[in-house]
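> If you scroll down you'll find the structure; I have some questions about it.
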Amino acid sequence: MIGSSKLWREILVVGATLFVALFVLRVSSRNPGELSMLDRGILRLVSPGQAAMSYVARGITGVAGRYVELKGVRAENESLHRENRQLRAELTEMRRLAEESGRYQRLLGLRDATPAETIAARVIAVDASPHFRVARVEIDRGEGTVRRGMPVLTPEGVVGRINRAAGKSSDVLLLVDPRSALDVIAPRTGGRGILKGKSGENGYRCSIEYLARGEPVKEGDAVVTSGVGGAFPRNLAVGHITKIIPGAVGLYQDVEVTPDVDFARLTDVLVVVAPPPTPDPEPGSHHTPGRGLAVMK
Amino acid sequence: MRSAATLFVAYLLLILQSTVLEMAPVHMAVPSFGLLVVLHVGLSPSKWTISSAAIVAFATGYLFDLVSGAPQGVHAFVFTLMTLFARALTRRVAVNGIVLGAATSFVASLLATFLVVLVRAQVAPEGGYGGLRQAPLEALLTAIFGPLVLSLFRRLDGRVDTARSRVGLARGPRGGGTSMSMSLTDRR
């Protein structure tokens with residue numbers, strides 16, 4: 001009897017629990033979002049625990065996440081370093097190509113502007129011996145067309161002339177070699193002379209011989225080719241007068257010229273393989289500027 | 001005292017479920033710790049009368065409703081039903097050991113999910129019957145944690161018994177639900 005009443009009591013409690021659950025469910029479905037006093041009280045008790053647990057969990061996951069991220073960052077860093085090195089190498093190569101392309105374009109411009117037939121050559125050596133100012137150039141095509149005495153130019157100005165030719169490579173006697181002699185003119189005064197290399201100089205220097213004293217030049221005056229002799233076109237830039245040596249006696253001035261071409265940085269040159277057109281026979285016309293980058297304006 | 005201790009642990013587990021596991025890599029499903037509490041009280045007739053088990057299940061479900069943002073009563077009702085299911089199960093099967101504990105957790109989780117979706121569809125039709133796809137994963141996770149949590153509660157019951165015996169309140173297996181005498185604790 002006692003067991004039976006106990007059983008009924010159990011069943012009653014369970015039934016009541018289910019009923020309450022359904023009742024609560026019905027109420028909440030009718031008024032969703034509404035919280036009773038009991039609900040608010042429970043949530044007040046629950047919330048701090050949730051906040052604390054969440055804080056701890058986020059701390060743990062944050063540390064773990066940062067560790068994973070750091071590992072990822074390290075790998076990414078190494079990857080970026082590799083990429084950076086590769087890009088720097090590519091950039092250097094691109095710059096070199098761009099510079100080379102620029103040189104070729106200037107050379108092409110000079111070639112188009114030069115009133116003579118030219119071929120391009122690559123400088124493969126400069127000043128192999130300190131006693132001889134010679135550059136060695138190599139041509140890609142036109143083997144056998146280069147001969148001794150042919151002028152060698154760059155967009156900046158006159159380089160020299162072929163001293164020796166052997167197959168694809170040739171020796172260029174630079175303007176600054178004492179053996180070099182080039183007929184030049186100072187356009188401002190019209191004074192004319194022979195440009196000669198200065199031996200024993202540390203830098204690249206030349207001097208003008210036979211420059212008449214009656215046509216006085218001054219420092220900074222430009223010096224260009226005169227076109228006399230027919231090998232070099234007229235008005236090609238050669239250099240600038242950088243020093244007038246005082247105390248010279250006689251008929252001629254003693255001046256020093258610094259070439260416009262930087263011989264230490266020679267890379268590509270043009271070799272004039274055919275003589276330029278015949279100079280204009282009209283007097284004074286050879287002082288008018290010609291075309292081309294190397295031509296003194 | 002036993003109910004209070006169980007509800008307190010249930011509270012901790014529900015907080016754990018609602019916070020820590022939400023940050024776990026598997027965000028789609030989490031093990032139902034609340035259901036494991038309900039399974040424990042339902043599977044332990046020697047310690048829990050059916051009425052007290054139902055009340056604890058209701059309280060756990062209600063707490064879970066509040067914590068999870070579900071309409072109040074959904075889990076309270078389902079968990080109460082699940083306690084009855086667990087108690088009925090003890091009449092036929094002795095849930096003992098890791099494998100059986102995991103299997104029971106798995107089946108109970110599937111059933112609970114189905115019931116929750118069914119009830120939700122009644123009280124909040126806009127949700128439809130969606131969510132059943134996650135049921136196997138949730139059941140799997142619950143099965144993985146099941147033996148561990150059930151073992152934890154068995155230890156808790158043991159501690160409560162020890163404490164009660166110290167203060168002279170020790171009592172033997174309860175008579176409530178006398179026919180449902182097969183329990184995990186008894187068999188140990």
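Ligands are numbered from 1 in the order shown, chains are lettered A, B, ... in the order of the structure tokens, and residues start at 1 in each chain.
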Any idea what's packed within 12 Å of Thr113 (chain B), counting only C-alpha atoms, ignoring anything in its chain fewer than 5 positions away? Could you give it as an mmCIF file with N, CA and C atoms, in the first residue's frame?

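Contents of part34.cif, as written:
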data_model
loop_
_atom_site.group_PDB
_atom_site.id
_atom_site.type_symbol
_atom_site.label_atom_id
_atom_site.label_comp_id
_atom_site.auth_asym_id
_atom_site.auth_seq_id
_atom_site.Cartn_x
_atom_site.Cartn_y
_atom_site.Cartn_z
ATOM 1 N N ALA B 29 28.437 21.709 -34.104
ATOM 2 C CA ALA B 29 27.766 20.901 -33.088
ATOM 3 C C ALA B 29 28.626 20.813 -31.842
ATOM 4 N N VAL B 30 27.966 20.686 -30.723
ATOM 5 C CA VAL B 30 28.685 20.526 -29.453
ATOM 6 C C VAL B 30 28.055 19.357 -28.702
ATOM 7 N N PRO B 31 28.817 18.721 -27.867
ATOM 8 C CA PRO B 31 28.213 17.629 -27.082
ATOM 9 C C PRO B 31 27.179 18.179 -26.117
ATOM 10 N N SER B 32 26.140 17.448 -25.942
ATOM 11 C CA SER B 32 25.062 17.902 -25.066
ATOM 12 C C SER B 32 25.337 17.431 -23.644
ATOM 13 N N LEU B 35 22.198 16.828 -21.529
ATOM 14 C CA LEU B 35 21.559 15.528 -21.729
ATOM 15 C C LEU B 35 22.277 14.443 -20.917
ATOM 16 N N VAL B 74 11.406 24.148 -23.842
ATOM 17 C CA VAL B 74 11.722 23.162 -24.882
ATOM 18 C C VAL B 74 12.616 22.069 -24.313
ATOM 19 N N HIS B 75 13.766 22.459 -23.837
ATOM 20 C CA HIS B 75 14.671 21.451 -23.278
ATOM 21 C C HIS B 75 14.177 20.925 -21.939
ATOM 22 N N VAL B 78 11.817 18.212 -23.039
ATOM 23 C CA VAL B 78 12.525 17.094 -23.687
ATOM 24 C C VAL B 78 13.415 16.359 -22.684
ATOM 25 N N PHE B 79 14.099 17.105 -21.863
ATOM 26 C CA PHE B 79 14.983 16.451 -20.888
ATOM 27 C C PHE B 79 14.185 15.627 -19.882
ATOM 28 N N MET B 82 13.423 12.549 -21.591
ATOM 29 C CA MET B 82 14.635 11.730 -21.739
ATOM 30 C C MET B 82 14.986 11.023 -20.435
ATOM 31 N N SER B 105 24.635 7.205 -24.818
ATOM 32 C CA SER B 105 24.711 8.658 -25.029
ATOM 33 C C SER B 105 24.391 8.998 -26.476
ATOM 34 N N PHE B 106 24.929 8.169 -27.375
ATOM 35 C CA PHE B 106 24.715 8.424 -28.807
ATOM 36 C C PHE B 106 23.229 8.331 -29.162
ATOM 37 N N VAL B 107 22.628 7.244 -28.745
ATOM 38 C CA VAL B 107 21.205 7.037 -29.073
ATOM 39 C C VAL B 107 20.341 8.094 -28.396
ATOM 40 N N ALA B 108 20.646 8.363 -27.147
ATOM 41 C CA ALA B 108 19.859 9.358 -26.413
ATOM 42 C C ALA B 108 19.990 10.729 -27.045
ATOM 43 N N LEU B 118 11.298 18.488 -33.048
ATOM 44 C CA LEU B 118 9.839 18.297 -33.128
ATOM 45 C C LEU B 118 9.103 19.343 -32.291
ATOM 46 N N VAL B 119 9.554 19.508 -31.075
ATOM 47 C CA VAL B 119 8.904 20.491 -30.188
ATOM 48 C C VAL B 119 9.100 21.900 -30.730
ATOM 49 N N ARG B 120 10.289 22.173 -31.185
ATOM 50 C CA ARG B 120 10.567 23.514 -31.729
ATOM 51 C C ARG B 120 9.657 23.815 -32.915
ATOM 52 N N TYR B 129 12.056 21.971 -39.562
ATOM 53 C CA TYR B 129 12.717 20.792 -38.982
ATOM 54 C C TYR B 129 14.226 20.816 -39.231
ATOM 55 N N GLY B 130 14.696 21.979 -39.478
ATOM 56 C CA GLY B 130 16.134 22.107 -39.720
ATOM 57 C C GLY B 130 16.939 21.764 -38.481
ATOM 58 N N GLY B 131 18.143 21.329 -38.707
ATOM 59 C CA GLY B 131 19.015 20.993 -37.578
ATOM 60 C C GLY B 131 19.195 19.508 -37.404
ATOM 61 N N LEU B 132 18.370 18.732 -38.114
ATOM 62 C CA LEU B 132 18.505 17.277 -37.972
ATOM 63 C C LEU B 132 19.801 16.767 -38.593
ATOM 64 N N ARG B 133 20.310 17.517 -39.555
ATOM 65 C CA ARG B 133 21.562 17.094 -40.184
ATOM 66 C C ARG B 133 22.720 17.043 -39.193
ATOM 67 N N GLN B 134 22.668 17.951 -38.237
ATOM 68 C CA GLN B 134 23.768 18.003 -37.266
ATOM 69 C C GLN B 134 23.621 16.949 -36.176
ATOM 70 N N ALA B 135 22.474 16.311 -36.163
ATOM 71 C CA ALA B 135 22.202 15.354 -35.087
ATOM 72 C C ALA B 135 23.261 14.263 -34.962
ATOM 73 N N PRO B 136 23.700 13.646 -36.064
ATOM 74 C CA PRO B 136 24.712 12.593 -35.902
ATOM 75 C C PRO B 136 26.031 13.094 -35.311
ATOM 76 N N LEU B 137 26.435 14.270 -35.767
ATOM 77 C CA LEU B 137 27.691 14.821 -35.243
ATOM 78 C C LEU B 137 27.568 15.152 -33.758
ATOM 79 N N GLU B 138 26.438 15.759 -33.418
ATOM 80 C CA GLU B 138 26.215 16.088 -32.016
ATOM 81 C C GLU B 138 26.135 14.809 -31.181
ATOM 82 N N ALA B 139 25.492 13.807 -31.723
ATOM 83 C CA ALA B 139 25.390 12.533 -31.016
ATOM 84 C C ALA B 139 26.773 11.892 -30.850
ATOM 85 N N THR B 142 28.598 13.789 -28.197
ATOM 86 C CA THR B 142 28.021 13.440 -26.895
ATOM 87 C C THR B 142 28.464 12.044 -26.466
#
> Please, which residues of chain A lie no more than 8 Å from chain B when the count uses only C-alpha atoms, and can they be set out as a PyMOL selection string?
chain A and resi 6-7+10-11+13-14+17-18+21-26+28-29+32-33+39+42-43+46+49-50+53-54+57-58+61
> As a PyMOL selection string, please: the residues near region 192-195 of chain A (cut-off 12 Å, only C-alpha atoms, same-chain neighbours under 4 positions excluded).
chain A and resi 158+160+174-188+205-217+222-229+238-241+252-259+287
> Would you mind listing what lies within 12 Å of Arg159 (chain B) as a list in words, with only C-alpha atoms counted and same-chain residues fewer than 4 positions away left out?
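My list of contacting residues is Met1, Arg2, Ala5, Thr6, Leu152, Phe153, Arg154, Arg155, Ala163, Arg164, Ser165, Arg166 and Ala170 of chain B.
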> Looking only at strand (DSSP E or B) from DSSP on the backbone, list the matching residues of region 235-268 of chain A as a count of residues only.
18
